[in-house]
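S.K.: You'll find entry.pdb just under this line, and it carries PDB, C-alpha atoms and all ligand atoms.
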```pdb
ATOM      1  CA  MET A 381     -19.153  -8.718   7.009
ATOM      2  CA  PHE A 382     -22.145  -9.644   9.134
ATOM      3  CA  HIS A 383     -25.364  -8.110  10.230
ATOM      4  CA  ARG A 384     -25.081  -6.351  13.537
ATOM      5  CA  PRO A 385     -26.281  -8.580  16.394
ATOM      6  CA  LEU A 386     -29.236  -7.109  18.267
ATOM      7  CA  ILE A 387     -29.023  -6.556  22.013
ATOM      8  CA  GLN A 388     -31.294  -9.004  23.870
ATOM      9  CA  HIS A 389     -30.716  -8.136  27.524
ATOM     10  CA  CYS A 390     -29.965  -4.998  29.514
ATOM     11  CA  LYS A 391     -26.268  -4.602  30.326
ATOM     12  CA  SER A 392     -27.149  -3.028  33.684
ATOM     13  CA  CYS A 393     -29.839  -5.323  35.127
ATOM     14  CA  GLY A 394     -30.201  -8.225  32.662
ATOM     15  CA  SER A 395     -33.889  -7.591  31.899
ATOM     16  CA  THR A 396     -35.270  -7.721  28.371
ATOM     17  CA  VAL A 397     -34.951  -4.680  26.114
ATOM     18  CA  THR A 398     -37.188  -3.154  23.460
ATOM     19  CA  TYR A 399     -35.838  -1.346  20.393
ATOM     20  CA  ARG A 400     -37.619   2.029  20.351
ATOM     21  CA  ILE A 401     -36.892   5.742  20.059
ATOM     22  CA  PRO A 402     -36.210   6.992  23.606
ATOM     23  CA  ASP A 403     -38.489   9.868  24.686
ATOM     24  CA  ASP A 404     -35.579  12.234  25.399
ATOM     25  CA  GLY A 405     -35.455  13.929  21.998
ATOM     26  CA  ASP A 406     -33.418  11.147  20.371
ATOM     27  CA  THR A 407     -34.245  10.345  16.748
ATOM     28  CA  ARG A 408     -32.911   6.782  16.480
ATOM     29  CA  GLU A 409     -34.144   3.467  17.767
ATOM     30  CA  ARG A 410     -32.112   2.200  20.729
ATOM     31  CA  ALA A 411     -32.288  -0.904  22.887
ATOM     32  CA  VAL A 412     -34.112   0.432  25.962
ATOM     33  CA  CYS A 413     -34.383  -1.704  29.102
ATOM     34  CA  ASN A 414     -37.966  -2.577  29.948
ATOM     35  CA  LYS A 415     -37.202  -2.484  33.675
ATOM     36  CA  CYS A 416     -34.484   0.078  34.550
ATOM     37  CA  HIS A 417     -34.878   2.082  31.280
ATOM     38  CA  THR A 418     -31.133   2.114  30.546
ATOM     39  CA  ILE A 419     -30.558   3.219  26.944
ATOM     40  CA  HIS A 420     -27.884   1.210  25.073
ATOM     41  CA  TYR A 421     -25.963   3.256  22.493
ATOM     42  CA  GLU A 422     -24.360   1.159  19.760
ATOM     43  CA  ASN A 423     -21.620   2.442  17.483
ATOM     44  CA  PRO A 424     -19.575   0.957  14.635
ATOM     45  CA  LEU A 425     -16.555  -1.223  15.363
ATOM     46  CA  ASN A 426     -13.207  -0.805  13.619
ATOM     47  CA  VAL A 427     -11.629  -3.774  11.850
ATOM     48  CA  VAL A 428      -7.916  -3.178  11.215
ATOM     49  CA  GLY A 429      -5.422  -5.121   9.109
ATOM     50  CA  THR A 430      -2.612  -5.112   6.567
ATOM     51  CA  ILE A 431      -1.680  -6.136   3.050
ATOM     52  CA  PRO A 432       1.719  -7.774   3.710
ATOM     53  CA  ILE A 433       3.839  -7.478   0.548
ATOM     54  CA  TRP A 434       6.826  -9.572  -0.588
ATOM     55  CA  GLY A 435       7.982  -8.639  -4.114
ATOM     56  CA  ASP A 436       5.032  -9.284  -6.437
ATOM     57  CA  LYS A 437       3.285 -11.420  -3.821
ATOM     58  CA  VAL A 438       0.923 -10.745  -0.921
ATOM     59  CA  LEU A 439       0.488 -12.770   2.233
ATOM     60  CA  LEU A 440      -2.863 -14.423   2.900
ATOM     61  CA  CYS A 441      -3.945 -16.403   5.947
ATOM     62  CA  LYS A 442      -6.216 -19.445   5.825
ATOM     63  CA  ARG A 443      -8.762 -19.056   8.612
ATOM     64  CA  ASN A 444      -8.805 -21.592  11.428
ATOM     65  CA  ILE A 445     -11.850 -19.963  13.076
ATOM     66  CA  GLU A 446     -15.463 -19.252  12.225
ATOM     67  CA  PRO A 447     -16.861 -17.419  10.431
ATOM     68  CA  ARG A 448     -15.508 -18.474   7.023
ATOM     69  CA  LEU A 449     -13.344 -21.286   8.397
ATOM     70  CA  GLY A 450     -10.924 -22.512   5.723
ATOM     71  CA  LYS A 451     -11.271 -19.364   3.588
ATOM     72  CA  TRP A 452      -8.372 -16.979   2.884
ATOM     73  CA  THR A 453      -8.050 -13.498   4.331
ATOM     74  CA  LEU A 454      -5.615 -10.678   4.863
ATOM     75  CA  PRO A 455      -4.524 -10.492   8.510
ATOM     76  CA  ALA A 456      -7.127  -8.319  10.263
ATOM     77  CA  GLY A 457      -9.290  -8.144  13.347
ATOM     78  CA  PHE A 458     -11.130  -5.883  15.746
ATOM     79  CA  MET A 459      -9.255  -2.857  17.033
ATOM     80  CA  GLU A 460      -8.624  -2.943  20.797
ATOM     81  CA  LEU A 461      -8.816  -0.132  23.331
ATOM     82  CA  ASN A 462      -5.562   1.755  24.004
ATOM     83  CA  GLU A 463      -4.091   1.273  20.549
ATOM     84  CA  THR A 464      -4.016   3.311  17.345
ATOM     85  CA  VAL A 465      -5.462   2.018  14.071
ATOM     86  CA  ALA A 466      -1.946   1.303  12.762
ATOM     87  CA  GLN A 467      -0.892  -0.396  16.003
ATOM     88  CA  GLY A 468      -3.969  -2.627  15.836
ATOM     89  CA  ALA A 469      -3.269  -3.539  12.219
ATOM     90  CA  ALA A 470       0.338  -4.425  13.092
ATOM     91  CA  ARG A 471      -0.755  -6.445  16.135
ATOM     92  CA  GLU A 472      -3.220  -8.507  14.078
ATOM     93  CA  THR A 473      -0.523  -9.185  11.486
ATOM     94  CA  ILE A 474       1.837 -10.483  14.166
ATOM     95  CA  GLU A 475      -0.888 -12.538  15.884
ATOM     96  CA  GLU A 476      -2.373 -14.128  12.766
ATOM     97  CA  ALA A 477       0.694 -14.547  10.554
ATOM     98  CA  GLY A 478       3.733 -14.237  12.814
ATOM     99  CA  ALA A 479       5.163 -12.004  10.093
ATOM    100  CA  GLN A 480       8.051  -9.518  10.250
ATOM    101  CA  PHE A 481       7.340  -6.277   8.406
ATOM    102  CA  GLU A 482       7.504  -2.500   8.249
ATOM    103  CA  MET A 483       4.207  -0.621   8.275
ATOM    104  CA  GLN A 484       3.488   1.658   5.321
ATOM    105  CA  ASP A 485       0.584   3.954   4.423
ATOM    106  CA  LEU A 486      -3.131   3.455   4.913
ATOM    107  CA  PHE A 487      -4.472   1.904   1.703
ATOM    108  CA  THR A 488      -8.209   1.218   2.072
ATOM    109  CA  LEU A 489     -10.913   2.736   4.280
ATOM    110  CA  MET A 490     -14.170   0.836   3.859
ATOM    111  CA  ASN A 491     -17.562   1.526   5.387
ATOM    112  CA  VAL A 492     -19.463  -1.722   5.936
ATOM    113  CA  THR A 493     -22.565   0.114   7.030
ATOM    114  CA  ARG A 494     -24.929  -2.861   7.275
ATOM    115  CA  ALA A 495     -22.559  -4.673   9.630
ATOM    116  CA  GLY A 496     -21.850  -1.546  11.679
ATOM    117  CA  GLN A 497     -18.130  -1.740  10.888
ATOM    118  CA  VAL A 498     -15.353   0.351   9.353
ATOM    119  CA  HIS A 499     -12.398  -1.568   7.898
ATOM    120  CA  PHE A 500      -8.883  -0.113   7.539
ATOM    121  CA  PHE A 501      -6.023  -1.845   5.686
ATOM    122  CA  TYR A 502      -2.420  -0.611   5.629
ATOM    123  CA  ARG A 503       0.275  -1.715   3.231
ATOM    124  CA  ALA A 504       3.057  -3.532   5.087
ATOM    125  CA  GLN A 505       6.457  -4.377   3.591
ATOM    126  CA  LEU A 506       7.543  -7.858   4.687
ATOM    127  CA  THR A 507      11.175  -8.117   5.793
ATOM    128  CA  SER A 508      11.176 -11.932   5.854
ATOM    129  CA  ASP A 509       9.259 -14.669   4.038
ATOM    130  CA  HIS A 510       9.193 -16.881   7.120
ATOM    131  CA  PHE A 511       5.900 -16.916   9.015
ATOM    132  CA  ASN A 512       4.768 -18.290  12.324
ATOM    133  CA  PRO A 513       0.964 -18.255  12.237
ATOM    134  CA  GLY A 514      -1.050 -18.183  15.456
ATOM    135  CA  HIS A 515      -3.958 -20.416  16.403
ATOM    136  CA  GLU A 516      -6.457 -18.436  14.316
ATOM    137  CA  THR A 517      -4.581 -19.320  11.130
ATOM    138  CA  LEU A 518      -4.238 -22.745   9.450
ATOM    139  CA  GLU A 519      -1.648 -21.582   6.948
ATOM    140  CA  ALA A 520       0.106 -18.333   5.982
ATOM    141  CA  LYS A 521       1.163 -18.241   2.344
ATOM    142  CA  LEU A 522       2.401 -15.821  -0.332
ATOM    143  CA  PHE A 523       0.401 -15.425  -3.563
ATOM    144  CA  THR A 524       0.970 -13.587  -6.836
ATOM    145  CA  GLU A 525      -2.100 -11.923  -8.332
ATOM    146  CA  HIS A 526      -2.740 -14.930 -10.576
ATOM    147  CA  GLU A 527      -2.320 -17.457  -7.781
ATOM    148  CA  ILE A 528      -4.842 -15.801  -5.468
ATOM    149  CA  PRO A 529      -7.842 -18.078  -4.771
ATOM    150  CA  TRP A 530     -10.351 -15.361  -5.663
ATOM    151  CA  ASP A 531     -13.363 -17.610  -5.046
ATOM    152  CA  GLU A 532     -12.047 -18.593  -1.620
ATOM    153  CA  ILE A 533     -11.577 -15.099  -0.151
ATOM    154  CA  ALA A 534     -13.328 -14.825   3.212
ATOM    155  CA  PHE A 535     -14.595 -11.238   3.125
ATOM    156  CA  ARG A 536     -15.691  -8.678   0.544
ATOM    157  CA  THR A 537     -13.465  -5.967   2.050
ATOM    158  CA  VAL A 538     -10.414  -8.227   1.675
ATOM    159  CA  LYS A 539     -11.267  -8.894  -1.969
ATOM    160  CA  GLU A 540     -11.786  -5.171  -2.659
ATOM    161  CA  THR A 541      -8.476  -4.333  -0.990
ATOM    162  CA  LEU A 542      -6.602  -6.970  -3.022
ATOM    163  CA  LEU A 543      -8.175  -5.782  -6.296
ATOM    164  CA  HIS A 544      -7.178  -2.169  -5.577
ATOM    165  CA  TYR A 545      -3.701  -3.273  -4.524
ATOM    166  CA  PHE A 546      -2.884  -5.158  -7.717
ATOM    167  CA  SER A 547      -4.431  -2.401  -9.850
ATOM    168  CA  ASP A 548      -2.280   0.269  -8.155
ATOM    169  CA  ALA A 549       0.808  -1.970  -8.260
ATOM    170  CA  LYS A 550       0.480  -2.227 -12.052
ATOM    171  CA  GLN A 551       0.491   1.575 -12.258
ATOM    172  CA  GLY A 552       3.361   1.806  -9.778
ATOM    173  CA  LYS A 553       1.445   4.339  -7.674
ATOM    174  CA  PHE A 554      -0.448   3.674  -4.452
ATOM    175  CA  GLN A 555      -3.204   5.899  -3.159
ATOM    176  CA  LEU A 556      -5.804   5.732  -0.421
ATOM    177  CA  HIS A 557      -9.074   4.133  -1.556
ATOM    178  CA  HIS A 558     -12.439   4.891   0.070
ATOM    179  CA  VAL A 559     -15.007   2.176  -0.513
ATOM    180  CA  ASP A 560     -18.603   1.930   0.662
ATOM    181  CA  ILE A 561     -19.789  -1.669   0.892
ATOM    182  CA  ILE A 562     -23.571  -1.467   0.540
TER     183      ILE A 562
HETATM  184 ZN    ZN A 601     -32.068  -2.734  32.911
END
```
What would you get if you wrote out this structure as structure tokens?
Ligand SMILES: [Zn+2]
M.R.:
Amino acid sequence: MFHRPLIQHCKSCGSTVTYRIPDDGDTRERAVCNKCHTIHYENPLNVVGTIPIWGDKVLLCKRNIEPRLGKWTLPAGFMELNETVAQGAARETIEEAGAQFEMQDLFTLMNVTRAGQVHFFYRAQLTSDHFNPGHETLEAKLFTEHEIPWDEIAFRTVKETLLHYFSDAKQGKFQLHHVDII
């Protein structure tokens, strides 16, 4: 999605940091505090979401927030502490679309290495076609494959997930897809 933001200031004392390999046997560059020498370890974040399905249509949300304001996305967001991947995906779907649904299987697992993120999308069977989008969404709308605004999709992982979904739907068989976004 995005390049990983670099750490500017120490989280312990607020001093400036320098990216360097710590002299404790580590092999990777870390943000090391110039004053108190705290080493900041950074790890990938999980982005979790769903493909909400209604017959031959999928639900997309028009973004009311940056980045990619006004572009279309599947409901998804950053996983929170104290929830499972599936719980996070369901929570985002409720928050962004106000949808009613039953969670199904994991469908895509995508490494977005450059952004330091891993994206997970589950299939979700909608049980109603009435939506109540939250403040992050301008509009929640159902699209067939041919109606999808392919040039207006907010994120590469969403586009990849939609392409795999419609391809599998044609074959009537859904499987888990692993994708590396380079
Ligand atoms: Zn410090």
S.K.: List as a tab-separated table every residue of chain A that is in contact with ligand ZN 601 (chain A), defined as an atom at most 10 Å from one of its atoms (using only C-alpha atoms and all ligand atoms), together with the nearest atom pair and the distance in Å rounded to one decimal, sorted by chain and then rising number.
M.R.:
```
residue	atom	partner	partner_atom	distance
A:His389	CA	A:ZN601	ZN	7.7
A:Cys390	CA	A:ZN601	ZN	4.6
A:Lys391	CA	A:ZN601	ZN	6.6
A:Ser392	CA	A:ZN601	ZN	5.0
A:Cys393	CA	A:ZN601	ZN	4.1
A:Gly394	CA	A:ZN601	ZN	5.8
A:Ser395	CA	A:ZN601	ZN	5.3
A:Thr396	CA	A:ZN601	ZN	7.5
A:Val397	CA	A:ZN601	ZN	7.6
A:Val412	CA	A:ZN601	ZN	7.9
A:Cys413	CA	A:ZN601	ZN	4.6
A:Asn414	CA	A:ZN601	ZN	6.6
A:Lys415	CA	A:ZN601	ZN	5.2
A:Cys416	CA	A:ZN601	ZN	4.1
A:His417	CA	A:ZN601	ZN	5.8
A:Thr418	CA	A:ZN601	ZN	5.5
A:Ile419	CA	A:ZN601	ZN	8.6
A:His420	CA	A:ZN601	ZN	9.7
```
S.K.: Can you give me, as a list in words, the residues this file yields under the PyMOL selection byres (((chain A and resi 422) around 12) and not hetatm)?
M.R.: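 Written out, the selection comes to Arg384, Pro385, Leu386, Ile387, Tyr399, Arg408, Glu409, Arg410, Ala411, Val412, Ile419, His420, Tyr421, Asn423, Pro424, Leu425, Ala495, Gly496 and Gln497 of chain A.
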S.K.: To one decimal place in Å, what is the distance between atom CA of Gln484 of chain A and atom CA of Gln467 of chain A?
M.R.: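 Computing it gives 11.7 Å between the two atoms.
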S.K.: How many Å separate atom CA of Glu516 of chain A from atom CA of Ile562 of chain A?
M.R.: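 Calculated distance between atom CA of Glu516 of chain A and atom CA of Ile562 of chain A is 27.8 Å.
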S.K.: In terms of the shortest atom-to-atom distance over all atoms listed in the file, which of A:Asp403, A:Glu476, A:Glu525, A:Asp560 is closest to His499 of chain A?
M.R.: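 When distances to His499 of chain A are compared using all atoms listed in the file, the smallest one comes from A:Asp560.
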S.K.: If you take every atom of segment 534-543 of chain A that the file lists and fit an axis-aligned box around them with 3 Å extra on each side, what centre and edge lengths come out in Å to one decimal, as AutoDock Vina command-line options?
M.R.:
```
--center_x -11.1 --center_y -9.6 --center_z -1.5 --size_x 15.1 --size_y 16.5 --size_z 15.5
```
S.K.: Specify as a list of chain:residue names each residue included when the PyMOL selection byres (((chain A and resi 559) around 10) and not hetatm) is applied to this file.
M.R.: A:Thr488, A:Leu489, A:Met490, A:Asn491, A:Val492, A:His499, A:Thr537, A:Glu540, A:Thr541, A:Leu556, A:His557, A:His558, A:Asp560, A:Ile561, A:Ile562
S.K.: Could you list as a VMD selection string every residue that has an atom within 8 Å of (-7.3, 2.0, 16.1), using the file's coordinates and counting all atoms listed in the file?
M.R.: chain A and resid 426 428 459 to 461 463 to 469
